[in-house]
Structure formats: structure tokens, C-alpha cells
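What follows is model-v2.pdb (PDB, C-alpha atoms, pLDDT in the B column).
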```pdb
MODEL        1
ATOM      1  CA  ASP A   1       0.000   0.000   0.000  1.00 81.00           C
ATOM      2  CA  LEU A   2       2.575   2.538   1.115  1.00 92.00           C
ATOM      3  CA  GLY A   3       5.000   1.602  -1.662  1.00 91.00           C
ATOM      4  CA  GLU A   4       2.329   2.267  -4.264  1.00 94.00           C
ATOM      5  CA  LYS A   5       1.493   5.656  -2.734  1.00 95.00           C
ATOM      6  CA  LEU A   6       5.168   6.608  -2.717  1.00 95.00           C
ATOM      7  CA  ALA A   7       5.465   5.436  -6.322  1.00 95.00           C
ATOM      8  CA  LYS A   8       2.700   7.816  -7.379  1.00 96.00           C
ATOM      9  CA  LEU A   9       4.130  10.649  -5.287  1.00 96.00           C
ATOM     10  CA  TYR A  10       7.675  10.328  -6.665  1.00 95.00           C
ATOM     11  CA  LYS A  11       6.687   9.117 -10.173  1.00 95.00           C
ATOM     12  CA  SER A  12       8.434   5.777  -9.805  1.00 93.00           C
ATOM     13  CA  GLU A  13       7.627   2.076 -10.079  1.00 93.00           C
ATOM     14  CA  PRO A  14       6.511   0.226  -6.916  1.00 92.00           C
ATOM     15  CA  GLU A  15       9.085  -2.565  -7.525  1.00 92.00           C
ATOM     16  CA  ARG A  16      11.949  -0.096  -7.052  1.00 94.00           C
ATOM     17  CA  ILE A  17      10.715   1.183  -3.668  1.00 95.00           C
ATOM     18  CA  PHE A  18      11.790  -0.626  -0.498  1.00 96.00           C
ATOM     19  CA  THR A  19      10.049   0.331   2.754  1.00 95.00           C
ATOM     20  CA  PHE A  20      11.248  -0.875   6.171  1.00 95.00           C
ATOM     21  CA  GLY A  21      11.829   0.049   9.821  1.00 95.00           C
ATOM     22  CA  PHE A  22       8.332   1.143  10.792  1.00 95.00           C
ATOM     23  CA  ARG A  23       7.636   2.256  14.360  1.00 95.00           C
ATOM     24  CA  THR A  24       4.254   3.200  15.759  1.00 95.00           C
ATOM     25  CA  ALA A  25       3.992   6.138  18.121  1.00 95.00           C
ATOM     26  CA  PHE A  26       2.650   5.487  21.605  1.00 94.00           C
ATOM     27  CA  GLY A  27      -1.134   5.512  21.461  1.00 92.00           C
ATOM     28  CA  GLY A  28      -1.184   4.920  17.703  1.00 88.00           C
ATOM     29  CA  GLY A  29      -2.257   7.357  15.050  1.00 91.00           C
ATOM     30  CA  LYS A  30       1.256   7.956  13.712  1.00 94.00           C
ATOM     31  CA  THR A  31       3.816   5.625  12.189  1.00 94.00           C
ATOM     32  CA  THR A  32       7.300   6.508  10.986  1.00 96.00           C
ATOM     33  CA  GLY A  33       9.622   4.470   8.801  1.00 96.00           C
ATOM     34  CA  PHE A  34      12.168   4.480   5.998  1.00 96.00           C
ATOM     35  CA  ALA A  35      11.916   4.028   2.259  1.00 96.00           C
ATOM     36  CA  LEU A  36      14.599   3.691  -0.389  1.00 96.00           C
ATOM     37  CA  ILE A  37      13.848   4.414  -4.044  1.00 96.00           C
ATOM     38  CA  TYR A  38      16.341   2.992  -6.530  1.00 96.00           C
ATOM     39  CA  ASP A  39      16.998   4.130 -10.101  1.00 95.00           C
ATOM     40  CA  SER A  40      16.669   0.570 -11.399  1.00 94.00           C
ATOM     41  CA  LEU A  41      15.842  -2.890 -10.109  1.00 93.00           C
ATOM     42  CA  GLU A  42      19.452  -3.975 -10.778  1.00 94.00           C
ATOM     43  CA  ASP A  43      20.704  -1.244  -8.424  1.00 94.00           C
ATOM     44  CA  ALA A  44      18.292  -2.478  -5.784  1.00 93.00           C
ATOM     45  CA  LYS A  45      19.492  -6.074  -6.162  1.00 93.00           C
ATOM     46  CA  LYS A  46      23.097  -4.920  -5.873  1.00 94.00           C
ATOM     47  CA  ASN A  47      22.654  -2.720  -2.768  1.00 94.00           C
ATOM     48  CA  GLU A  48      19.758  -4.158  -0.745  1.00 93.00           C
ATOM     49  CA  PRO A  49      20.389  -6.861   1.883  1.00 93.00           C
ATOM     50  CA  LYS A  50      19.218 -10.341   0.926  1.00 92.00           C
ATOM     51  CA  TYR A  51      16.526 -10.465   3.620  1.00 92.00           C
ATOM     52  CA  ARG A  52      14.851  -7.325   2.257  1.00 93.00           C
ATOM     53  CA  LEU A  53      14.947  -8.716  -1.288  1.00 93.00           C
ATOM     54  CA  ILE A  54      13.251 -11.874  -0.009  1.00 93.00           C
ATOM     55  CA  ARG A  55      10.567  -9.768   1.740  1.00 91.00           C
ATOM     56  CA  HIS A  56      10.046  -7.850  -1.481  1.00 91.00           C
ATOM     57  CA  GLY A  57       9.628 -11.131  -3.404  1.00 89.00           C
ATOM     58  CA  ILE A  58      12.774 -10.770  -5.536  1.00 87.00           C
ATOM     59  CA  GLY A  59      15.402 -12.943  -3.821  1.00 79.00           C
ATOM     60  CA  ALA A  60      15.287 -16.658  -3.165  1.00 82.00           C
ATOM     61  CA  LYS A  61      15.215 -17.976   0.377  1.00 82.00           C
ATOM     62  CA  GLY A  62      17.549 -20.841   1.248  1.00 81.00           C
ATOM     63  CA  THR A  63      15.828 -24.034   2.314  1.00 84.00           C
ATOM     64  CA  ILE A  64      18.152 -25.660   4.844  1.00 86.00           C
ATOM     65  CA  SER A  65      16.555 -27.747   7.560  1.00 91.00           C
ATOM     66  CA  SER A  66      17.214 -26.902  11.188  1.00 93.00           C
ATOM     67  CA  LYS A  67      18.894 -30.277  11.703  1.00 94.00           C
ATOM     68  CA  GLN A  68      21.393 -29.594   8.897  1.00 92.00           C
ATOM     69  CA  ARG A  69      22.103 -26.156  10.370  1.00 90.00           C
ATOM     70  CA  LYS A  70      22.733 -27.644  13.824  1.00 93.00           C
ATOM     71  CA  GLU A  71      24.999 -30.381  12.448  1.00 91.00           C
ATOM     72  CA  ARG A  72      27.046 -27.816  10.517  1.00 90.00           C
ATOM     73  CA  LYS A  73      27.337 -25.598  13.613  1.00 91.00           C
ATOM     74  CA  ASN A  74      28.512 -28.509  15.768  1.00 92.00           C
ATOM     75  CA  ARG A  75      31.054 -29.642  13.150  1.00 90.00           C
ATOM     76  CA  ALA A  76      32.482 -26.117  13.059  1.00 90.00           C
ATOM     77  CA  LYS A  77      32.761 -25.962  16.867  1.00 92.00           C
ATOM     78  CA  LYS A  78      35.591 -28.523  16.732  1.00 91.00           C
ATOM     79  CA  PHE A  79      37.896 -26.164  14.786  1.00 90.00           C
ATOM     80  CA  ARG A  80      39.401 -22.681  15.138  1.00 89.00           C
ATOM     81  CA  GLY A  81      40.333 -19.996  12.630  1.00 86.00           C
ATOM     82  CA  THR A  82      40.249 -20.659   8.888  1.00 86.00           C
ATOM     83  CA  LYS A  83      39.707 -24.387   9.401  1.00 86.00           C
ATOM     84  CA  LYS A  84      36.344 -23.555  10.991  1.00 83.00           C
ATOM     85  CA  ALA A  85      35.022 -22.130   7.696  1.00 83.00           C
ATOM     86  CA  LYS A  86      36.222 -25.216   5.816  1.00 82.00           C
ATOM     87  CA  ALA A  87      34.550 -27.522   8.333  1.00 81.00           C
ATOM     88  CA  ALA A  88      31.269 -25.622   8.048  1.00 76.00           C
ATOM     89  CA  THR A  89      31.167 -25.957   4.246  1.00 78.00           C
ATOM     90  CA  ALA A  90      32.370 -29.589   4.098  1.00 70.00           C
ATOM     91  CA  THR A  91      29.706 -32.267   4.060  1.00 61.00           C
ATOM     92  CA  LYS A  92      30.182 -35.855   5.137  1.00 55.00           C
ATOM     93  CA  LYS A  93      29.481 -38.491   2.462  1.00 51.00           C
TER      94      LYS A  93
ENDMDL
END
```
In C-alpha cells, write the structure found in this file.
Amino acid sequence: DLGEKLAKLYKSEPERIFTFGFRTAFGGGKTTGFALIYDSLEDAKKNEPKYRLIRHGIGAKGTISSKQRKERKNRAKKFRGTKKAKAATATKK
């Protein structure tokens, strides 16, 4: 809703507007937040964090099960430094 209103106001396309960080005032009636308007969708993909792209419906969310995440975390706990990153990416066959 708000993205479309901003698009009309600033003569832009709703896909290029990213709204986030909304806070309601105590008692309601007023909400403040942020919006970023990009020149192109490619600029948005390059600069926006992945989680905001996923919220906007552009990025793809990773589908890793919680068990796989826990196993990877526990494998990495056995190492220190650069070996930790290698252990986290390695998979047992």
C-alpha cells in the first residue's frame, strides 16, 4: 500500500521502492519508517540486503533444515580460525 502511494508521489515504479523500519507512536495514530527508491531494479538487487529482497519477493530464500544447520554448527565448533570455515562448508558423504 505505502509503496504504491510513494510510487505515485515520486513518479516511480513500486518494484523499485523498499520500505522498512516502521515504528508506531505510543497511542497509535502515527507511524514513521524508511523508504529507499532505486533508479533501477538492478541497483536495488546490488545494494539491498538479501533479507529485504526476499521480503520484497525478488530474492530466493535458502531451504536448509534446522537439523542440517545444527549439524554444521557442531562440526564447526571442533575447529578454530580458517579451518572452521572449511569444516562448516564440508559435508560428510
Point to revise | Residues selected by the PyMOL selection byres ((chain A and resi 64-71) around 12), written as a list of chain:residue names | key: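 Against this file, the PyMOL selection byres ((chain A and resi 64-71) around 12) returns the residues A:Lys61, A:Gly62, A:Thr63, A:Arg72, A:Lys73, A:Asn74, A:Arg75, A:Ala76, A:Lys77, A:Lys78, A:Ala87, A:Ala88, A:Thr89, A:Ala90, A:Thr91, A:Lys92.
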Review point. What separation in Å, quoted to one decimal, exists between atom CA of Phe20 of chain A and atom CA of Asp1 of chain A?
Key: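 For atom CA of Phe20 of chain A relative to atom CA of Asp1 of chain A, the distance reads 12.9 Å.
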**Study point:** Nearest candidate to Lys45 of chain A (options A:Arg80, A:Gly21, A:Ala60, A:Lys11; using all atoms listed in the file)
**Key:**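 For Lys45 of chain A, the nearest of the given residues is A:Ala60.
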Revision key, fill the gap. Of A:Ala7, A:Ile17, A:Ile58, A:Leu53, the one sitting nearest Phe34 of chain A when using all atoms listed in the file is A:Ile17
**Study point:** Between atom CA of Phe22 of chain A and atom CA of Leu2 of chain A, distance in Å (one decimal)
**Key:**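 It comes out at 11.3 Å.
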Check your understanding: Which residues, written as an MDAnalysis selection string, have at least one atom at most 10 Å from Glu13 of chain A, with only C-alpha atoms counted and residues fewer than 3 positions away on the same chain left out?
Key -> chainID A and resid 3:4 6:8 10 16:17 37:41
**Study point:** Residue nearest Gly57 of chain A among A:Asp43, A:Lys5, A:Thr82, A:Glu15 (counting all atoms listed in the file)
**Key:**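 Of A:Asp43, A:Lys5, A:Thr82, A:Glu15, the one nearest Gly57 of chain A, counting all atoms listed in the file, is A:Glu15.
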Review point. Expressed in Å to a single decimal, how great is the separation between atom CA of Ala35 of chain A and atom CA of Lys50 of chain A?
Key: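 One can read the atom CA of Ala35 of chain A to atom CA of Lys50 of chain A distance as 16.2 Å.
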Rebuild segment 22-33 of chain A so that it carries all heavy atoms, then output the result as a tab-separated table (two decimals), in the coordinates of the input.
```tsv
chain	number	residue	atom	x	y	z
A	22	PHE	N	9.47	0.38	10.31
A	22	PHE	CA	8.33	1.14	10.79
A	22	PHE	C	8.18	1.04	12.30
A	22	PHE	O	8.33	-0.02	12.88
A	22	PHE	CB	7.05	0.66	10.10
A	22	PHE	CG	7.01	1.04	8.66
A	22	PHE	CD1	7.34	0.13	7.68
A	22	PHE	CD2	6.66	2.31	8.28
A	22	PHE	CE1	7.32	0.48	6.35
A	22	PHE	CE2	6.63	2.69	6.96
A	22	PHE	CZ	6.97	1.76	5.99
A	23	ARG	N	7.88	2.17	12.92
A	23	ARG	CA	7.64	2.26	14.36
A	23	ARG	C	6.34	3.03	14.58
A	23	ARG	O	6.15	4.09	14.00
A	23	ARG	CB	8.76	3.02	15.06
A	23	ARG	CG	10.11	2.40	14.95
A	23	ARG	CD	10.34	1.48	16.09
A	23	ARG	NE	11.66	0.86	15.95
A	23	ARG	CZ	12.05	-0.10	16.73
A	23	ARG	NH1	11.27	-0.54	17.68
A	23	ARG	NH2	13.23	-0.63	16.58
A	24	THR	N	5.48	2.49	15.44
A	24	THR	CA	4.25	3.20	15.76
A	24	THR	C	4.48	4.07	16.99
A	24	THR	O	5.19	3.68	17.91
A	24	THR	CB	3.10	2.22	16.04
A	24	THR	OG1	3.52	1.32	17.07
A	24	THR	CG2	2.74	1.44	14.80
A	25	ALA	N	3.90	5.24	16.98
A	25	ALA	CA	3.99	6.14	18.12
A	25	ALA	C	3.10	5.61	19.24
A	25	ALA	O	2.12	4.90	18.98
A	25	ALA	CB	3.57	7.55	17.74
A	26	PHE	N	3.44	5.95	20.46
A	26	PHE	CA	2.65	5.49	21.60
A	26	PHE	C	1.22	6.02	21.48
A	26	PHE	O	1.02	7.20	21.26
A	26	PHE	CB	3.28	5.98	22.92
A	26	PHE	CG	2.53	5.52	24.13
A	26	PHE	CD1	2.59	4.21	24.54
A	26	PHE	CD2	1.74	6.41	24.84
A	26	PHE	CE1	1.90	3.77	25.66
A	26	PHE	CE2	1.04	6.00	25.95
A	26	PHE	CZ	1.12	4.67	26.37
A	27	GLY	N	0.26	5.12	21.59
A	27	GLY	CA	-1.13	5.51	21.46
A	27	GLY	C	-1.66	5.38	20.04
A	27	GLY	O	-2.84	5.52	19.79
A	28	GLY	N	-0.77	5.10	19.09
A	28	GLY	CA	-1.18	4.92	17.70
A	28	GLY	C	-1.42	6.24	17.00
A	28	GLY	O	-1.14	7.31	17.51
A	29	GLY	N	-1.93	6.16	15.81
A	29	GLY	CA	-2.26	7.36	15.05
A	29	GLY	C	-1.12	7.87	14.19
A	29	GLY	O	-1.35	8.62	13.26
A	30	LYS	N	0.11	7.48	14.49
A	30	LYS	CA	1.26	7.96	13.71
A	30	LYS	C	2.30	6.85	13.63
A	30	LYS	O	2.65	6.24	14.63
A	30	LYS	CB	1.87	9.20	14.37
A	30	LYS	CG	3.01	9.79	13.59
A	30	LYS	CD	3.58	11.02	14.29
A	30	LYS	CE	4.75	11.58	13.52
A	30	LYS	NZ	5.37	12.70	14.23
A	31	THR	N	2.78	6.62	12.42
A	31	THR	CA	3.82	5.62	12.19
A	31	THR	C	4.92	6.26	11.37
A	31	THR	O	4.65	6.98	10.41
A	31	THR	CB	3.25	4.41	11.43
A	31	THR	OG1	2.15	3.87	12.18
A	31	THR	CG2	4.28	3.33	11.24
A	32	THR	N	6.17	6.00	11.75
A	32	THR	CA	7.30	6.51	10.99
A	32	THR	C	8.12	5.33	10.49
A	32	THR	O	8.14	4.26	11.11
A	32	THR	CB	8.20	7.43	11.83
A	32	THR	OG1	8.64	6.70	12.97
A	32	THR	CG2	7.46	8.67	12.27
A	33	GLY	N	8.80	5.53	9.37
A	33	GLY	CA	9.62	4.47	8.80
A	33	GLY	C	10.54	5.02	7.74
A	33	GLY	O	10.65	6.23	7.54
```
